[in-house]
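Participant: File input27.cif below, mmCIF, C-alpha atoms:
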data_my_file
loop_
_atom_site.label_atom_id
_atom_site.label_comp_id
_atom_site.auth_asym_id
_atom_site.auth_seq_id
_atom_site.Cartn_x
_atom_site.Cartn_y
_atom_site.Cartn_z
CA MET A 1 111.42 89.73 93.70
CA ALA A 2 111.39 89.94 97.45
CA ASP A 3 111.63 86.78 99.53
CA GLU A 4 108.28 86.19 101.21
CA LYS A 5 110.09 85.53 104.51
CA ASP A 6 112.12 88.72 104.35
CA SER A 7 110.34 91.38 106.37
CA GLY A 8 112.36 94.19 104.77
CA ASN A 9 111.18 97.58 105.88
CA ASP A 10 108.53 97.13 108.56
CA GLN A 11 106.63 100.25 107.58
CA PRO A 12 103.15 99.29 106.31
CA MET A 13 102.56 99.68 102.60
CA SER A 14 99.65 101.05 100.57
CA ALA A 15 98.52 99.99 97.09
CA PHE A 16 95.80 100.87 94.63
CA ILE A 17 94.43 98.64 91.90
CA VAL A 18 92.37 99.33 88.78
CA GLY A 19 90.74 96.36 87.09
CA GLY A 20 90.08 94.53 90.33
CA THR A 21 86.87 92.83 89.17
CA GLY A 22 88.51 90.81 86.38
CA MET A 23 89.89 87.28 86.61
CA VAL A 24 93.43 88.34 87.51
CA GLY A 25 92.27 91.43 89.39
CA ARG A 26 90.05 89.58 91.85
CA ARG A 27 92.88 87.27 92.78
CA LEU A 28 95.27 90.19 93.09
CA VAL A 29 92.92 91.99 95.49
CA GLU A 30 92.86 88.82 97.60
CA GLU A 31 96.66 88.51 97.50
CA LEU A 32 97.18 92.12 98.57
CA ALA A 33 94.54 91.92 101.30
CA LYS A 34 96.19 88.83 102.78
CA SER A 35 99.72 90.22 102.53
CA PRO A 36 101.17 91.33 105.89
CA ARG A 37 103.13 94.02 104.07
CA PHE A 38 100.01 95.99 103.15
CA ASN A 39 97.68 97.75 105.56
CA ARG A 40 95.72 99.63 102.87
CA VAL A 41 94.42 98.42 99.51
CA VAL A 42 92.39 100.88 97.45
CA THR A 43 90.27 99.58 94.57
CA LEU A 44 88.97 101.84 91.81
CA GLY A 45 86.39 100.45 89.43
CA ARG A 46 82.92 100.66 87.95
CA ARG A 47 81.71 98.40 90.75
CA PRO A 48 83.12 97.10 94.05
CA VAL A 49 85.22 93.94 94.15
CA GLU A 50 83.38 91.07 95.84
CA TYR A 51 85.73 89.93 98.60
CA ASP A 52 84.89 88.81 102.13
CA GLY A 53 88.06 86.96 103.08
CA GLU A 54 91.14 87.53 105.19
CA GLY A 55 92.26 91.16 105.29
CA LYS A 56 88.96 92.55 104.00
CA GLU A 57 89.22 95.38 106.55
CA LYS A 58 92.18 96.76 104.57
CA LEU A 59 90.05 97.40 101.48
CA GLU A 60 88.88 100.88 100.52
CA GLN A 61 86.58 100.51 97.55
CA HIS A 62 85.68 103.40 95.26
CA VAL A 63 83.26 103.35 92.33
CA VAL A 64 84.67 105.69 89.68
CA ASP A 65 83.92 106.94 86.18
CA PHE A 66 86.99 106.07 84.12
CA ASP A 67 86.05 108.65 81.52
CA ASN A 68 86.44 111.31 84.22
CA LEU A 69 89.13 109.71 86.35
CA GLN A 70 90.83 113.04 87.06
CA GLU A 71 87.90 113.84 89.35
CA HIS A 72 89.28 111.15 91.68
CA ALA A 73 92.90 112.36 91.61
CA SER A 74 93.15 112.46 95.42
CA LEU A 75 92.71 108.68 95.59
CA PHE A 76 96.11 108.16 93.93
CA LYS A 77 98.17 109.98 96.56
CA GLY A 78 100.45 108.27 99.06
CA HIS A 79 100.65 104.75 97.62
CA ASN A 80 103.83 102.69 97.46
CA VAL A 81 102.57 100.93 94.35
CA GLY A 82 99.80 101.10 91.77
CA LEU A 83 98.61 98.07 89.83
CA SER A 84 96.50 97.66 86.70
CA THR A 85 94.91 94.42 85.56
CA MET A 86 92.60 96.17 83.10
CA GLY A 87 92.29 94.56 79.72
CA THR A 88 89.95 93.04 77.17
CA SER A 89 89.96 91.43 73.74
CA SER A 90 89.00 92.84 70.37
CA ALA A 91 85.91 90.60 70.32
CA LEU A 92 84.71 91.70 73.75
CA ALA A 93 85.51 95.37 73.16
CA GLY A 94 83.29 95.47 70.08
CA SER A 95 85.25 98.28 68.45
CA VAL A 96 88.79 99.60 68.23
CA ALA A 97 87.69 102.74 70.08
CA ASN A 98 86.48 100.70 73.07
CA LEU A 99 89.61 98.54 72.95
CA GLU A 100 91.78 101.65 73.11
CA LYS A 101 89.86 102.97 76.11
CA ILE A 102 90.12 99.78 78.15
CA ASP A 103 93.59 98.59 77.14
CA HIS A 104 95.30 101.98 76.89
CA HIS A 105 93.52 105.17 77.94
CA TYR A 106 92.15 104.05 81.30
CA PRO A 107 95.27 102.33 82.72
CA LEU A 108 97.50 105.11 81.36
CA GLN A 109 95.35 107.79 82.97
CA ALA A 110 95.50 105.95 86.30
CA ALA A 111 99.27 105.67 86.00
CA ARG A 112 99.63 109.34 85.10
CA LEU A 113 97.45 110.50 88.01
CA TYR A 114 99.49 108.31 90.38
CA LYS A 115 102.77 109.76 89.13
CA GLU A 116 101.49 113.35 89.35
CA ALA A 117 100.08 112.85 92.86
CA ASN A 118 103.40 111.61 94.26
CA PRO A 119 106.21 113.85 92.96
CA ASP A 120 108.40 113.46 96.04
CA ILE A 121 108.35 109.70 96.68
CA PRO A 122 109.53 106.64 94.72
CA THR A 123 106.75 105.28 92.53
CA HIS A 124 106.14 101.72 91.37
CA PHE A 125 103.54 100.81 88.76
CA ALA A 126 102.72 97.23 87.74
CA VAL A 127 100.64 96.34 84.69
CA VAL A 128 99.39 93.30 82.77
CA THR A 129 99.85 93.38 78.98
CA ALA A 130 100.69 90.46 76.66
CA PRO A 131 103.70 88.86 74.95
CA GLY A 132 104.94 90.24 71.65
CA VAL A 133 103.13 93.57 71.85
CA SER A 134 104.29 96.44 69.64
CA SER A 135 102.97 99.94 69.05
CA LYS A 136 103.86 99.45 65.36
CA SER A 137 101.74 96.34 64.83
CA TRP A 138 98.91 96.22 62.28
CA PHE A 139 96.82 94.22 64.77
CA ALA A 140 94.78 96.47 67.04
CA SER A 141 95.07 94.49 70.29
CA VAL A 142 98.83 94.05 69.87
CA ARG A 143 99.33 97.68 68.88
CA VAL A 144 97.23 99.16 71.70
CA LYS A 145 98.98 97.17 74.42
CA GLY A 146 102.34 98.02 72.88
CA LYS A 147 101.49 101.72 72.95
CA LEU A 148 100.49 101.40 76.60
CA GLU A 149 103.90 99.94 77.44
CA ASP A 150 105.66 102.73 75.52
CA ASP A 151 103.64 105.45 77.23
CA LEU A 152 104.13 103.96 80.70
CA ARG A 153 107.89 103.85 80.15
CA ALA A 154 107.80 107.53 79.20
CA LEU A 155 106.25 108.46 82.56
CA GLY A 156 109.51 107.56 84.29
CA PHE A 157 108.37 105.52 87.29
CA THR A 158 111.07 104.56 89.75
CA GLN A 159 110.02 100.99 88.99
CA LEU A 160 107.77 99.77 86.18
CA SER A 161 106.82 96.07 86.30
CA ILE A 162 105.26 94.59 83.15
CA PHE A 163 103.58 91.17 83.27
CA ARG A 164 103.07 89.47 79.90
CA PRO A 165 101.00 86.30 80.27
CA ALA A 166 100.07 84.42 77.10
CA ILE A 167 97.16 81.98 77.52
CA LEU A 168 95.46 82.51 80.88
CA THR A 169 94.12 79.24 82.25
CA LEU A 170 91.72 77.90 84.84
CA GLU A 171 92.80 77.21 88.38
CA PRO A 172 91.95 74.01 90.28
CA GLY A 173 88.27 74.08 91.22
CA GLN A 174 87.45 77.00 88.94
CA LYS A 175 84.29 76.50 86.88
CA PRO A 176 84.68 76.69 83.07
CA ARG A 177 81.74 79.10 82.79
CA GLU A 178 83.76 81.68 84.71
CA VAL A 179 86.10 82.00 81.76
CA ALA A 180 83.80 81.03 78.92
CA TYR A 181 84.93 83.97 76.86
CA PHE A 182 88.46 82.57 76.71
CA GLY A 183 87.19 79.47 74.92
CA GLU A 184 87.00 76.01 76.44
CA SER A 185 89.07 74.60 73.57
CA ILE A 186 91.97 76.86 74.55
CA GLN A 187 91.74 75.63 78.15
CA VAL A 188 91.89 72.01 76.98
CA LEU A 189 94.96 72.71 74.85
CA ALA A 190 96.79 74.72 77.50
CA LYS A 191 98.50 71.86 79.35
CA PRO A 192 99.76 70.07 76.21
CA LEU A 193 101.00 73.39 74.84
CA ASN A 194 102.80 74.12 78.08
CA PHE A 195 104.47 70.72 77.96
CA ILE A 196 105.63 71.27 74.38
CA THR A 197 106.84 74.81 75.03
CA CYS A 198 108.32 74.14 78.50
CA GLY A 199 105.89 76.50 80.20
CA ARG A 200 105.89 79.33 77.70
CA ALA A 201 102.30 78.90 76.47
CA ALA A 202 99.99 79.19 79.47
CA VAL A 203 99.80 80.44 83.03
CA GLU A 204 97.02 80.40 85.62
CA PHE A 205 95.19 83.57 86.63
CA GLY A 206 96.32 83.10 90.23
CA CYS A 207 99.97 82.74 89.25
CA VAL A 208 99.93 86.16 87.56
CA ALA A 209 98.25 87.71 90.61
CA ARG A 210 100.72 86.12 93.00
CA ASN A 211 103.68 87.36 90.98
CA MET A 212 102.24 90.87 90.89
CA ARG A 213 101.82 90.78 94.65
CA LEU A 214 105.41 89.61 95.13
CA ALA A 215 106.65 92.46 92.95
CA ALA A 216 104.43 94.96 94.76
CA GLU A 217 105.85 93.93 98.13
CA GLU A 218 109.35 95.01 97.14
CA ARG A 219 110.55 98.25 98.64
CA ILE A 220 111.87 100.65 96.02
CA PHE A 221 114.15 103.61 96.45
CA ALA A 222 114.80 106.76 94.47
CA GLY A 223 117.16 106.30 91.56
CA THR A 224 117.35 105.72 87.83
CA PRO A 225 113.97 104.51 86.49
CA ARG A 226 113.95 100.75 86.03
CA VAL A 227 111.70 98.52 83.92
CA THR A 228 111.27 94.80 84.62
CA SER A 229 109.17 92.46 82.51
CA TYR A 230 107.90 88.97 83.32
CA SER A 231 107.05 86.28 80.77
CA ASN A 232 104.99 83.14 81.41
CA LEU A 233 108.09 81.10 82.08
CA GLU A 234 109.57 83.68 84.44
CA MET A 235 106.33 83.89 86.42
CA LEU A 236 106.19 80.11 86.70
CA LYS A 237 109.79 79.93 87.90
CA LEU A 238 109.27 82.67 90.46
CA ASP A 239 106.08 81.11 91.78
CA PRO A 240 106.42 77.32 91.47
CA LYS A 241 104.07 76.58 94.37
CA VAL A 242 101.10 78.04 92.51
CA ASN A 243 101.72 76.90 88.94
CA LYS A 244 104.31 74.22 88.33
CA ILE A 245 105.56 73.32 84.87
CA LYS A 246 104.33 69.82 84.18
#
Re-express the file's structure as structure tokens.

Facilitator:
Amino acid sequence: MADEKDSGNDQPMSAFIVGGTGMVGRRLVEELAKSPRFNRVVTLGRRPVEYDGEGKEKLEQHVVDFDNLQEHASLFKGHNVGLSTMGTSSALAGSVANLEKIDHHYPLQAARLYKEANPDIPTHFAVVTAPGVSSKSWFASVRVKGKLEDDLRALGFTQLSIFRPAILTLEPGQKPREVAYFGESIQVLAKPLNFITCGRAAVEFGCVARNMRLAAEERIFAGTPRVTSYSNLEMLKLDPKVNKIK
């Protein structure tokens, strides 16, 4: 990932994000808005992202219908990077059909529209999935995320960055009710599990967002398509100031 002190190419960058209202997404919007590398951050979602902090003037927020995302194809043109933090669980989705929409169809459609809108420039897409996913799994959530990874690879982005957090945990000062659907018992167990597994079990929401921002800031150039994946431990090592292994 790029050094935060390395200015690299001084040309301002543009990014779009789908899934910006979720726990990782909200923090990613903040990270991108505050980043001096970006002068434009486009959000696409069912509702606007609530953000009133530093860099808010960079935000262009669009309410879209994900079932008819092609109607918003023009919003995907001209970006250096696209990012997806869309995702749910089998329990929250309520059905396999809904799970497939949220974890596969919607982010893949956004990625495809981005690729099609920018045929003449290098493209970088970053996505959050999960560890151990496989399109051949019997388990729906594992299979759907695995299929998303396979289909994103097939699109042939100049750079594809895949972030695979395991247990997502609270940040300092974050209220438990904000992540009630993750289970308070899991939050309690996260630190001991991280100690036992040397950081492989859990990672904070903000750490994932910060790592995605660091990856997004990298300038990419035309060449052979490249895929880079990041595990919990790799994200912790790359961003020790936000989430140290204890």

Participant: Report as a JSON list (two decimals) with C-alpha atoms, in the frame of the given file all protein, DNA and RNA residues lying within 10 Å of Asp239 of chain A, evaluated on only C-alpha atoms, omitting residues in the same chain fewer than 6 positions from it.

Facilitator:
[["chain", "number", "residue", "atom", "x", "y", "z"],
["A", 207, "CYS", "CA", 99.97, 82.74, 89.25],
["A", 208, "VAL", "CA", 99.93, 86.16, 87.56],
["A", 210, "ARG", "CA", 100.72, 86.12, 93.00],
["A", 211, "ASN", "CA", 103.68, 87.36, 90.98],
["A", 214, "LEU", "CA", 105.41, 89.61, 95.13],
["A", 233, "LEU", "CA", 108.09, 81.10, 82.08]]

Participant: Please write as a PyMOL selection string the full residue list that the PyMOL selection byres ((chain A and resi 74) around 12) yields on this file.

Facilitator: chain A and resi 16+42+44+62+69-73+75-79+110+113-118

Participant: So how far away is atom CA of Val144 of chain A from atom CA of Gln159 of chain A, in Å?

Facilitator: 21.6 Å

Participant: Counting all atoms listed in the file, find the residues whose atoms lie at most 12 Å from (103.2, 94.0, 83.7) (file coordinates) and write them out as number ranges by chain.

Facilitator: A: 24, 82-87, 107, 124-131, 133, 145-146, 148-149, 152-153, 159-165, 208-209, 211-213, 215-216, 227-232, 235

Participant: Skip Pro48 of chain A itself and residues of its chain fewer than 6 positions away, then list as a PyMOL selection string all residues within 8 Å of it, counting all atoms listed in the file.

Facilitator: chain A and resi 21+61-63

Participant: Can you work out the spacing between atom CA of Val203 of chain A and atom CA of Arg27 of chain A in Å, to one decimal?

Facilitator: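 Interatomic distance here is 13.8 Å.
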
Participant: What is the distance between atom CA of Ala33 of chain A and atom CA of Glu54 of chain A, in Å to one decimal?

Facilitator: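 Rounded to one decimal, the two atoms are 6.8 Å apart.
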
Participant: Go through A:Lys136, A:Glu217, A:Thr158, A:Phe205 one by one, measure the shortest atom-to-atom distance of each to Leu32 of chain A using only C-alpha atoms, and give the residue with the smallest value.

Facilitator: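 With only C-alpha atoms as the atom set, the closest residue is A:Glu217.
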
Participant: Which residues, protein or nucleic acid, reach to within 12 Å of (83.6, 93.2, 100.1) in the file's coordinates when using only C-alpha atoms, and can you give that as a compact mmCIF listing (two decimals) with C-alpha atoms, in the frame of the given file?

Facilitator:
# COMPACT_ATOMS: atom_id res chain seq x y z
CA GLY A 20 90.08 94.53 90.33
CA THR A 21 86.87 92.83 89.17
CA ARG A 26 90.05 89.58 91.85
CA VAL A 29 92.92 91.99 95.49
CA GLU A 30 92.86 88.82 97.60
CA ALA A 33 94.54 91.92 101.30
CA VAL A 42 92.39 100.88 97.45
CA THR A 43 90.27 99.58 94.57
CA ARG A 47 81.71 98.40 90.75
CA PRO A 48 83.12 97.10 94.05
CA VAL A 49 85.22 93.94 94.15
CA GLU A 50 83.38 91.07 95.84
CA TYR A 51 85.73 89.93 98.60
CA ASP A 52 84.89 88.81 102.13
CA GLY A 53 88.06 86.96 103.08
CA GLU A 54 91.14 87.53 105.19
CA GLY A 55 92.26 91.16 105.29
CA LYS A 56 88.96 92.55 104.00
CA GLU A 57 89.22 95.38 106.55
CA LYS A 58 92.18 96.76 104.57
CA LEU A 59 90.05 97.40 101.48
CA GLU A 60 88.88 100.88 100.52
CA GLN A 61 86.58 100.51 97.55
CA HIS A 62 85.68 103.40 95.26

Participant: Mind telling me what the PyMOL selection byres ((chain A and resi 141) around 8) catches here, as an mmCIF file with C-alpha atoms, in the coordinates of the input?

Facilitator:
data_model
loop_
_atom_site.group_PDB
_atom_site.id
_atom_site.type_symbol
_atom_site.label_atom_id
_atom_site.label_comp_id
_atom_site.auth_asym_id
_atom_site.auth_seq_id
_atom_site.Cartn_x
_atom_site.Cartn_y
_atom_site.Cartn_z
ATOM 1 C CA SER A 89 89.960 91.430 73.740
ATOM 2 C CA SER A 90 89.000 92.840 70.370
ATOM 3 C CA LEU A 99 89.610 98.540 72.950
ATOM 4 C CA PHE A 139 96.820 94.220 64.770
ATOM 5 C CA ALA A 140 94.780 96.470 67.040
ATOM 6 C CA VAL A 142 98.830 94.050 69.870
ATOM 7 C CA ARG A 143 99.330 97.680 68.880
ATOM 8 C CA VAL A 144 97.230 99.160 71.700
ATOM 9 C CA LYS A 145 98.980 97.170 74.420
#

Participant: Counting only C-alpha atoms, figure out which residue out of A:Pro225, A:Pro12, A:Gly19, A:Pro36 gets nearest to Val64 of chain A.

Facilitator: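 Going through A:Pro225, A:Pro12, A:Gly19, A:Pro36 one by one, the smallest distance to Val64 of chain A is for A:Gly19.
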
Participant: Find the residue from A:Gly206, A:Lys147, A:His105, A:Asp10 that sits nearest to Glu31 of chain A; use only C-alpha atoms when measuring.

Facilitator: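 Result for the nearest residue to Glu31 of chain A: A:Gly206.
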